[in-house]
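**Q** Pasting query_14.cif below, which is mmCIF, C-alpha atoms.
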```
data_final
#
loop_
_atom_site.group_PDB
_atom_site.id
_atom_site.type_symbol
_atom_site.label_atom_id
_atom_site.label_comp_id
_atom_site.auth_asym_id
_atom_site.auth_seq_id
_atom_site.Cartn_x
_atom_site.Cartn_y
_atom_site.Cartn_z
ATOM 1 C CA MET D 1 2.675 0.141 17.729
ATOM 2 C CA VAL D 2 0.725 0.154 14.455
ATOM 3 C CA ALA D 3 1.451 3.858 13.962
ATOM 4 C CA ILE D 4 5.182 3.355 14.558
ATOM 5 C CA VAL D 5 5.480 0.525 12.040
ATOM 6 C CA ALA D 6 3.412 2.467 9.503
ATOM 7 C CA ALA D 7 5.607 5.552 10.017
ATOM 8 C CA VAL D 8 8.792 3.553 9.383
ATOM 9 C CA VAL D 9 7.358 2.016 6.208
ATOM 10 C CA LEU D 10 6.137 5.465 5.130
ATOM 11 C CA ALA D 11 9.640 6.891 5.593
ATOM 12 C CA VAL D 12 11.196 4.147 3.456
ATOM 13 C CA ILE D 13 8.609 4.498 0.694
ATOM 14 C CA THR D 14 8.787 8.296 0.546
ATOM 15 C CA ARG D 15 12.603 8.173 0.363
ATOM 16 C CA GLN D 16 12.439 5.740 -2.559
ATOM 17 C CA ALA D 17 9.807 7.883 -4.299
ATOM 18 C CA GLY D 18 11.979 10.967 -3.778
ATOM 19 C CA ASN D 19 15.019 9.234 -5.245
ATOM 20 C CA GLU D 20 13.048 8.104 -8.288
ATOM 21 C CA ARG D 21 11.616 11.602 -8.742
ATOM 22 C CA ALA D 22 15.107 13.157 -8.641
ATOM 23 C CA LEU D 23 16.374 10.643 -11.201
ATOM 24 C CA GLN D 24 13.329 11.272 -13.419
ATOM 25 C CA GLU D 25 13.815 15.028 -13.420
ATOM 26 C CA ARG D 26 17.577 15.429 -13.662
ATOM 27 C CA GLY D 27 19.075 11.955 -13.989
ATOM 28 C CA ARG D 28 21.800 11.386 -16.561
ATOM 29 C CA TRP D 29 22.987 8.152 -18.100
ATOM 30 C CA THR D 30 26.723 7.570 -18.186
ATOM 31 C CA GLU D 31 29.233 4.790 -18.485
ATOM 32 C CA ALA D 32 30.861 4.816 -15.055
ATOM 33 C CA VAL D 33 34.111 3.209 -13.960
ATOM 34 C CA VAL D 34 34.222 1.326 -10.658
ATOM 35 C CA ILE D 35 36.949 2.900 -8.504
ATOM 36 C CA GLU D 36 36.470 0.967 -5.260
ATOM 37 C CA VAL D 37 34.295 -1.898 -4.050
ATOM 38 C CA GLU D 38 33.450 -2.166 -0.342
ATOM 39 C CA ASN D 39 32.516 -5.734 0.564
ATOM 40 C CA ARG D 40 30.734 -5.268 3.883
ATOM 41 C CA LYS D 41 27.320 -6.142 5.240
ATOM 42 C CA THR D 42 25.928 -4.165 2.313
ATOM 43 C CA ASP D 43 28.163 -3.728 -0.716
ATOM 44 C CA LYS D 44 29.011 -0.194 -1.872
ATOM 45 C CA CYS D 45 30.774 0.837 -5.074
ATOM 46 C CA THR D 46 32.553 4.134 -5.636
ATOM 47 C CA LEU D 47 32.062 5.264 -9.246
ATOM 48 C CA ARG D 48 33.505 7.911 -11.553
ATOM 49 C CA THR D 49 32.091 9.258 -14.780
ATOM 50 C CA SER D 50 34.090 8.952 -17.990
ATOM 51 C CA ASP D 51 35.340 12.534 -17.532
ATOM 52 C CA GLY D 52 36.715 11.705 -14.045
ATOM 53 C CA ARG D 53 34.043 13.163 -11.738
ATOM 54 C CA GLU D 54 33.105 11.008 -8.744
ATOM 55 C CA ILE D 55 29.445 9.999 -8.604
ATOM 56 C CA SER D 56 27.956 10.661 -5.188
ATOM 57 C CA PRO D 57 26.461 8.920 -3.287
ATOM 58 C CA GLN D 58 27.927 5.465 -3.831
ATOM 59 C CA LEU D 59 26.143 2.738 -5.781
ATOM 60 C CA SER D 60 24.552 0.355 -3.279
ATOM 61 C CA GLU D 61 24.098 -3.402 -3.407
ATOM 62 C CA GLY D 62 20.397 -3.271 -4.241
ATOM 63 C CA ASP D 63 20.993 -0.912 -7.153
ATOM 64 C CA GLY D 64 23.729 -2.857 -8.947
ATOM 65 C CA CYS D 65 26.855 -3.078 -6.774
ATOM 66 C CA GLU D 66 27.702 -6.747 -6.283
ATOM 67 C CA ALA D 67 31.119 -7.161 -4.610
ATOM 68 C CA ASP D 68 31.355 -10.767 -5.792
ATOM 69 C CA TRP D 69 31.018 -9.705 -9.433
ATOM 70 C CA LEU D 70 32.651 -6.271 -9.620
ATOM 71 C CA GLU D 71 36.181 -5.025 -9.157
ATOM 72 C CA PRO D 72 37.968 -1.697 -9.705
ATOM 73 C CA GLY D 73 38.241 -0.860 -13.393
ATOM 74 C CA ASP D 74 34.927 -2.473 -14.392
ATOM 75 C CA LYS D 75 32.494 -0.305 -16.338
ATOM 76 C CA LEU D 76 28.775 0.033 -15.636
ATOM 77 C CA ARG D 77 26.021 1.986 -17.336
ATOM 78 C CA VAL D 78 24.292 3.960 -14.568
ATOM 79 C CA LEU D 79 21.623 6.599 -14.172
ATOM 80 C CA TYR D 80 22.831 9.174 -11.644
ATOM 81 C CA ASP D 81 21.792 12.517 -10.182
ATOM 82 C CA PRO D 82 24.437 15.188 -10.919
ATOM 83 C CA LYS D 83 23.337 17.056 -7.770
ATOM 84 C CA GLY D 84 23.942 13.940 -5.634
ATOM 85 C CA ALA D 85 20.523 13.946 -3.972
ATOM 86 C CA ALA D 86 19.601 10.478 -5.255
ATOM 87 C CA GLY D 87 21.764 7.403 -5.401
ATOM 88 C CA PRO D 88 22.727 6.010 -8.803
ATOM 89 C CA VAL D 89 21.133 2.898 -10.265
ATOM 90 C CA GLU D 90 22.611 0.457 -12.746
ATOM 91 C CA ASP D 91 21.070 0.106 -16.200
ATOM 92 C CA VAL D 92 17.419 -0.583 -15.372
ATOM 93 C CA ASP D 93 14.766 -2.207 -17.529
ATOM 94 C CA MET D 94 11.877 -0.757 -15.514
ATOM 95 C CA GLU D 95 10.540 2.743 -15.913
ATOM 96 C CA LEU D 96 10.970 5.104 -12.978
ATOM 97 C CA GLU D 97 7.502 5.994 -11.722
ATOM 98 C CA SER D 98 7.648 8.088 -8.559
ATOM 99 C CA GLY D 99 3.903 8.745 -8.877
ATOM 100 C CA SER D 100 3.154 5.043 -8.393
ATOM 101 C CA TYR D 101 3.805 5.466 -4.669
ATOM 102 C CA GLN D 102 0.897 7.880 -4.135
ATOM 103 C CA GLY D 103 -1.590 5.221 -3.041
ATOM 104 C CA ALA D 104 0.801 3.636 -0.548
ATOM 105 C CA ILE D 105 1.833 7.011 0.879
ATOM 106 C CA GLY D 106 -1.791 8.133 1.228
ATOM 107 C CA GLY D 107 -2.889 4.834 2.784
ATOM 108 C CA LEU D 108 -0.049 4.759 5.304
ATOM 109 C CA THR D 109 -0.669 8.388 6.242
ATOM 110 C CA ALA D 110 -4.353 7.629 6.837
ATOM 111 C CA LEU D 111 -3.399 4.573 8.919
ATOM 112 C CA ILE D 112 -1.037 6.650 11.078
ATOM 113 C CA ILE D 113 -3.715 9.302 11.652
ATOM 114 C CA ALA D 114 -6.375 6.686 12.454
ATOM 115 C CA ALA D 115 -4.096 4.776 14.848
ATOM 116 C CA GLY D 116 -3.041 7.998 16.581
ATOM 117 C CA THR D 117 -6.624 9.179 16.929
ATOM 118 C CA TRP D 118 -7.761 5.801 18.244
ATOM 119 C CA GLY D 119 -4.881 5.712 20.761
ATOM 120 C CA CYS D 120 -5.588 9.227 22.025
ATOM 121 C CA THR D 121 -9.296 8.448 22.344
ATOM 122 C CA ARG D 122 -8.583 5.286 24.366
ATOM 123 C CA LEU D 123 -6.124 7.144 26.571
ATOM 124 C CA ASN D 124 -8.630 9.953 27.161
ATOM 125 C CA ARG D 125 -11.397 7.462 28.080
ATOM 126 C CA ARG D 126 -9.096 5.658 30.503
ATOM 127 C CA ASP D 127 -8.163 8.944 32.203
ATOM 128 C CA ASN D 128 -11.852 9.902 32.637
ATOM 129 C CA GLU D 129 -12.803 6.614 34.326
#
```
Any chance you could put this one into structure tokens?
**A**
Amino acid sequence: MVAIVAAVVLAVITRQAGNERALQERGRWTEAVVIEVENRKTDKCTLRTSDGREISPQLSEGDGCEADWLEPGDKLRVLYDPKGAAGPVEDVDMELESGSYQGAIGGLTALIIAAGTWGCTRLNRRDNE
């Protein structure tokens, strides 16, 4: 069970680190226009750049899309990936640091390996008894 939980957390962290890395390397700032706001379990905003190109994927709730505050026609300053590999983020005060995840990724990987090894060892001992 420990390995499964660690693997899920590792997947989430590595995805976030990958998104930040993509935005660091090829991200572009633009003033985007909100085209559509989806008010569901998690809010999603469809955005277009000032020259009319749709920004893909959509802006999510955690990155600046708040259905209660935004409506079509509103303008936001966002950092987006022109290739669409990483989701856009609204004007952020923090610096993107994909390298800051290295310790967490390494620690979780070690935990998964240790838990898997321990589980296999216990299973092997039980089979030999």
**Q** When the PyMOL selection byres ((chain D and resi 80) around 10) is applied to the structure above, which residues does it catch, written out as a PyMOL selection string?
**A** chain D and resi 22-24+26-30+32+49+55-57+59+77-79+81-90
**Q** For Ile13 of chain D, which residue among D:Thr46, D:Met1, D:Trp69, D:Gly103 is the nearest when counting only C-alpha atoms?
**A** D:Gly103
**Q** Could you name the residues that touch Ile112 of chain D at 7 Å or less, counting all atoms listed in the file, but leaving out those on the same chain fewer than 3 positions away, as a list of chain:residue names?
**A** D:Ala3, D:Ala6, D:Ala7, D:Leu108, D:Thr109, D:Ala115, D:Gly116
**Q** Counting all atoms listed in the file, which residues sit no farther than 10 Å from the position (20.2, -3.5, -2.9) in the file's frame? I'd like them as a compact mmCIF listing (two decimals) with C-alpha atoms, keeping the file's coordinate frame.
**A**
```txt
# COMPACT_ATOMS: atom_id res chain seq x y z
CA THR D 42 25.93 -4.16 2.31
CA ASP D 43 28.16 -3.73 -0.72
CA LYS D 44 29.01 -0.19 -1.87
CA LEU D 59 26.14 2.74 -5.78
CA SER D 60 24.55 0.36 -3.28
CA GLU D 61 24.10 -3.40 -3.41
CA GLY D 62 20.40 -3.27 -4.24
CA ASP D 63 20.99 -0.91 -7.15
CA GLY D 64 23.73 -2.86 -8.95
CA CYS D 65 26.86 -3.08 -6.77
CA GLU D 66 27.70 -6.75 -6.28
CA VAL D 89 21.13 2.90 -10.26
```
**Q** What gap, in Å, lies between atom CA of Ile105 of chain D and atom CA of Leu10 of chain D?
**A**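 It comes out at 6.2 Å.
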**Q** Running the PyMOL selection byres ((chain D and resi 37) around 7) on this model by hand, what would come out? Give it as a PyMOL selection string.
**A** chain D and resi 36+38-39+44-46+67+71-72
**Q** What is the atom CA of Lys41 of chain D to atom CA of Val2 of chain D distance in Å?
**A**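 Answer for the atom CA of Lys41 of chain D to atom CA of Val2 of chain D separation: 28.8 Å.
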**Q** Between atom CA of Ala17 of chain D and atom CA of Tyr101 of chain D, what is the distance, to one decimal in Å?
**A** 6.5 Å
**Q** Find, counting all atoms listed in the file, the residue in D:Ala11, D:Ala104, D:Leu111, D:Leu47 that gets nearest to Lys75 of chain D.
**A**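 Counting all atoms listed in the file, the residue closest to Lys75 of chain D is D:Leu47.
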**Q** Which is closer to Glu31 of chain D than all the others in D:Thr121, D:Arg48, D:Glu54, D:Val5, using all atoms listed in the file?
**A**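 Of the candidates, the smallest distance to Glu31 of chain D is held by D:Arg48.
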**Q** Of the residues D:Cys120, D:Gly107, D:Ile113, D:Asp74, which is the one nearest to Val9 of chain D, using only C-alpha atoms?
**A** D:Gly107
